[in-house]
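Colleague: See entry-v4.txt below, with compact mmCIF, C-alpha atoms.
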```
# COMPACT_ATOMS: atom_id res chain seq x y z
CA MET A 1 -29.70 59.87 83.88
CA GLU A 2 -28.75 60.82 80.33
CA TYR A 3 -30.60 59.14 77.44
CA ARG A 4 -29.00 59.52 74.01
CA ARG A 5 -27.74 57.94 70.82
CA ALA A 6 -24.33 56.35 71.30
CA ASN A 7 -21.25 57.80 69.63
CA ARG A 8 -17.64 56.72 69.01
CA GLY A 9 -16.67 57.60 72.57
CA ASP A 10 -19.13 54.99 73.85
CA ILE A 11 -17.86 52.01 71.87
CA GLU A 12 -15.79 50.30 74.57
CA ARG A 13 -18.47 50.72 77.23
CA PHE A 14 -21.18 49.52 74.84
CA VAL A 15 -19.15 46.45 73.85
CA GLU A 16 -18.77 45.49 77.51
CA ASN A 17 -22.49 46.15 78.09
CA ARG A 18 -23.37 43.89 75.14
CA VAL A 19 -21.03 41.13 76.33
CA GLU A 20 -22.57 41.33 79.81
CA PHE A 21 -26.05 41.04 78.29
CA ALA A 22 -25.18 38.14 75.99
CA ALA A 23 -23.43 36.22 78.78
CA SER A 24 -26.47 36.71 81.01
CA ILE A 25 -28.77 34.86 78.59
CA ARG A 26 -26.51 32.16 77.12
CA GLN A 27 -23.11 30.54 77.19
CA ILE A 28 -20.58 32.25 74.89
CA ASP A 29 -17.98 29.67 73.96
CA GLU A 30 -15.46 32.09 72.43
CA LEU A 31 -15.96 35.17 74.57
CA GLU A 32 -12.91 37.12 73.38
CA LEU A 33 -13.76 36.45 69.73
CA PHE A 34 -17.35 37.60 70.37
CA ARG A 35 -16.02 40.76 72.06
CA LYS A 36 -13.63 41.49 69.16
CA ARG A 37 -16.25 40.91 66.47
CA THR A 38 -18.74 43.11 68.34
CA ARG A 39 -16.15 45.90 68.67
CA ASP A 40 -15.18 45.63 64.97
CA TYR A 41 -18.82 45.71 63.85
CA VAL A 42 -19.76 48.66 66.05
CA GLU A 43 -16.65 50.63 65.02
CA GLU A 44 -17.43 50.06 61.34
CA HIS A 45 -21.12 50.99 61.57
CA MET A 46 -21.21 53.62 64.36
CA GLU A 47 -21.58 56.63 62.08
CA LYS A 48 -23.66 54.95 59.39
CA ASP A 49 -27.43 54.80 59.18
CA ASP A 50 -27.47 50.99 59.10
CA MET A 51 -27.01 50.65 62.88
CA VAL A 52 -28.35 52.73 65.73
CA ILE A 53 -27.57 52.37 69.42
CA PHE A 54 -29.29 54.22 72.24
CA ILE A 55 -27.92 54.26 75.76
CA ALA A 56 -28.85 55.44 79.24
CA VAL A 57 -25.76 56.69 81.05
CA GLU A 58 -25.28 57.39 84.73
CA GLY A 59 -21.87 58.82 85.53
CA ASP A 60 -19.51 56.94 83.25
CA ARG A 61 -21.55 53.70 83.15
CA ILE A 62 -24.05 52.52 80.54
CA ILE A 63 -26.92 51.19 82.62
CA SER A 64 -29.32 50.44 79.77
CA SER A 65 -28.99 50.05 76.02
CA CYS A 66 -30.63 48.91 72.81
CA MET A 67 -29.47 48.68 69.24
CA ALA A 68 -30.93 48.00 65.82
CA CYS A 69 -29.28 46.82 62.64
CA ILE A 70 -31.05 48.12 59.55
CA PHE A 71 -31.16 46.10 56.35
CA HIS A 72 -32.85 46.17 52.94
CA THR A 73 -34.85 43.42 51.34
CA ALA A 74 -37.28 43.19 48.45
CA PRO A 75 -40.54 45.03 49.17
CA LEU A 76 -42.92 42.91 51.21
CA PRO A 77 -46.66 43.15 51.84
CA SER A 78 -45.81 43.80 55.50
CA CYS A 79 -43.03 46.26 54.61
CA PRO A 80 -43.56 47.93 51.21
CA THR A 81 -40.30 49.91 51.46
CA GLY A 82 -38.21 46.79 52.06
CA VAL A 83 -36.33 48.64 54.83
CA CYS A 84 -36.32 46.52 57.98
CA ALA A 85 -34.51 46.60 61.30
CA GLU A 86 -33.63 43.99 63.83
CA LEU A 87 -33.84 45.17 67.43
CA LEU A 88 -31.01 43.72 69.51
CA ASN A 89 -29.60 43.88 73.01
CA VAL A 90 -32.35 45.59 74.93
CA TYR A 91 -30.64 45.37 78.29
CA THR A 92 -30.67 47.08 81.66
CA VAL A 93 -28.11 46.17 84.32
CA GLN A 94 -29.24 44.70 87.66
CA GLY A 95 -30.35 47.32 90.17
CA TYR A 96 -31.81 49.62 87.47
CA ARG A 97 -34.49 47.32 86.05
CA ARG A 98 -38.24 48.01 86.12
CA ARG A 99 -37.71 51.78 86.15
CA GLY A 100 -38.59 52.48 82.49
CA HIS A 101 -35.05 52.91 81.13
CA ALA A 102 -35.36 50.25 78.43
CA GLU A 103 -38.81 51.47 77.41
CA LYS A 104 -37.55 55.03 76.98
CA LEU A 105 -34.59 53.85 74.88
CA VAL A 106 -36.67 51.56 72.67
CA ARG A 107 -39.15 54.39 72.06
CA MET A 108 -36.24 56.63 71.03
CA LEU A 109 -34.92 53.89 68.74
CA ILE A 110 -38.33 53.33 67.14
CA LYS A 111 -38.61 57.05 66.41
CA GLU A 112 -35.12 57.13 64.86
CA ALA A 113 -35.84 53.99 62.83
CA GLY A 114 -38.96 55.66 61.44
CA ARG A 115 -36.91 58.74 60.53
CA LEU A 116 -34.50 56.44 58.66
CA GLY A 117 -37.37 54.93 56.63
CA VAL A 118 -37.65 51.60 58.43
CA GLY A 119 -41.01 49.97 57.75
CA LYS A 120 -40.75 46.97 60.07
CA ILE A 121 -38.76 46.06 63.18
CA LEU A 122 -38.09 42.43 64.08
CA LEU A 123 -36.76 41.06 67.35
CA ASP A 124 -36.26 37.95 69.43
CA ALA A 125 -37.85 38.45 72.82
CA THR A 126 -36.78 36.99 76.11
CA GLN A 127 -39.59 36.12 78.51
CA MET A 128 -38.54 39.07 80.67
CA GLY A 129 -38.70 41.49 77.72
CA ARG A 130 -41.91 40.26 76.09
CA PRO A 131 -44.32 42.45 78.15
CA LEU A 132 -42.35 45.59 77.20
CA TYR A 133 -42.40 44.75 73.49
CA GLU A 134 -46.11 43.98 73.57
CA LYS A 135 -46.73 47.29 75.35
CA LEU A 136 -44.88 49.04 72.51
CA GLY A 137 -46.99 47.31 69.84
CA PHE A 138 -44.81 44.36 68.81
CA VAL A 139 -46.77 41.21 67.93
CA PRO A 140 -45.54 37.59 67.96
CA LEU A 141 -44.77 35.87 64.65
CA SER A 142 -45.52 32.19 64.44
CA ASP A 143 -44.06 31.25 61.08
CA GLN A 144 -40.37 32.08 61.44
CA MET A 145 -37.60 29.54 61.09
CA GLN A 146 -33.80 29.72 61.10
CA LEU A 147 -30.92 27.74 59.67
CA LYS A 148 -27.52 28.15 61.30
CA LEU A 149 -24.66 27.96 58.82
CA GLN A 150 -21.44 26.81 60.43
CA GLY A 151 -17.93 26.25 59.13
CA ASP A 152 -17.74 25.06 55.55
CA TYR A 153 -21.49 24.50 55.29
CA LEU A 154 -22.00 24.09 51.55
CA GLU A 155 -25.00 21.86 51.23
CA ILE A 156 -28.05 20.82 53.19
CA PRO A 157 -27.41 17.48 54.93
CA GLU A 158 -29.69 14.71 53.75
CA HIS A 159 -30.86 14.06 57.28
CA ALA A 160 -30.91 17.64 58.58
CA GLU A 161 -34.25 17.10 60.26
CA ALA A 162 -32.97 14.18 62.33
CA ALA A 163 -29.72 16.02 63.13
CA ASN A 164 -31.67 19.05 64.31
CA GLU A 165 -33.84 16.96 66.59
CA LYS A 166 -30.73 15.33 68.04
CA THR A 167 -28.82 18.60 68.61
CA GLY A 168 -31.79 20.81 69.44
CA ASN A 169 -30.92 23.09 66.52
CA VAL A 170 -34.41 24.18 65.57
CA THR A 171 -34.01 25.95 62.24
CA THR A 172 -36.20 28.81 61.16
CA VAL A 173 -36.44 31.28 58.25
CA ASN A 174 -39.16 33.90 57.97
CA GLN A 175 -41.14 32.83 54.91
CA GLU A 176 -42.25 36.39 54.20
CA THR A 177 -38.88 38.15 54.44
CA GLY A 178 -36.57 35.27 53.67
CA THR A 179 -34.38 36.49 56.52
CA ASP A 180 -33.21 34.95 59.73
CA GLY A 181 -35.34 36.59 62.39
CA ASN A 182 -33.55 34.78 65.17
CA LYS A 183 -29.84 35.63 65.26
CA GLU A 184 -27.59 33.77 67.69
CA ILE A 185 -26.91 36.80 69.93
CA ARG A 186 -29.44 39.56 70.39
```
Can the structure from this file be put into structure tokens for me?
Modeller:
Amino acid sequence: MEYRRANRGDIERFVENRVEFAASIRQIDELELFRKRTRDYVEEHMEKDDMVIFIAVEGDRIISSCMACIFHTAPLPSCPTGVCAELLNVYTVQGYRRRGHAEKLVRMLIKEAGRLGVGKILLDATQMGRPLYEKLGFVPLSDQMQLKLQGDYLEIPEHAEAANEKTGNVTTVNQETGTDGNKEIR
């Protein structure tokens, strides 16, 4: 097993790995659009320090991966540098789970994020992943909210609360960072 940071030669395999992960946790209505946007994003950011991807490779297959998108915000009490990261797509394919691959990759990512000056890492945890994140020192946040902006969303609907209850669109924004800590696809 080879554990390393992904490079340009890994883009297609990583995109397919990410699509497999996303489809395993939720319905993707526009799968080909999601695939294209993922590919475009990864191609644009692969050699920049605002995105890092670590992979575990066996043969020519990515069997485990994780990525982080790094962003800047105003300095915060919980992150005086204002450099934050969002951990995404911690995923290990069936048949390779519970062997420590994801843990090793996330540890590598945390080390690299620290080298890049990141002061805080955020994530959305699945129930399956929560024990790993807690083991690595992540703590739950209780005060986050999100608001999904769709289409030509230009103003807050007068009855957004009722609409959210009806559609199940629970909206959250982190009051400390002002960021969406709960992106649609992780």
Colleague: Would you please work out which residue, of A:Leu136, A:Ala113, A:Ile11, A:Met145, is nearest to Val52 in chain A when using all atoms listed in the file?
Modeller: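 Distance minimum relative to Val52 in chain A lands on A:Ala113.
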Colleague: Please indicate the distance in Å from CA of Thr92 in chain A to CA of Ala23 in chain A, rounded to one decimal place.
Modeller: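 CA of Ala23 in chain A lies 13.4 Å from CA of Thr92 in chain A.
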Colleague: Would you list the contacts of Asp60 in chain A as a list in words, taking every protein, DNA or RNA residue within 12 Å and counting all atoms listed in the file, but skipping same-chain residues closer than 6 positions in sequence?
Modeller: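 Listing them by chain and then by number gives Met1, Glu2, Gly9, Asp10, Glu12, Arg13 and Phe14 of chain A.
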Colleague: In Å, with one decimal, what is the gap from CA of Tyr96 in chain A to CA of Ala56 in chain A?
Modeller: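 These two atoms are separated by 10.5 Å.
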Colleague: At what distance in Å, to one decimal, does CA of Arg4 in chain A lie from CA of Ile63 in chain A?
Modeller: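 Computed distance, CA of Ile63 in chain A to CA of Arg4 in chain A, equals 12.2 Å.
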Colleague: Calculated over all atoms listed in the file, which of the candidates A:Pro131, A:Lys111, A:Tyr3, A:Asn17 has the smallest distance to Gln94 in chain A?
Modeller: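 Comparing A:Pro131, A:Lys111, A:Tyr3, A:Asn17 against Gln94 in chain A, the winner is A:Asn17.
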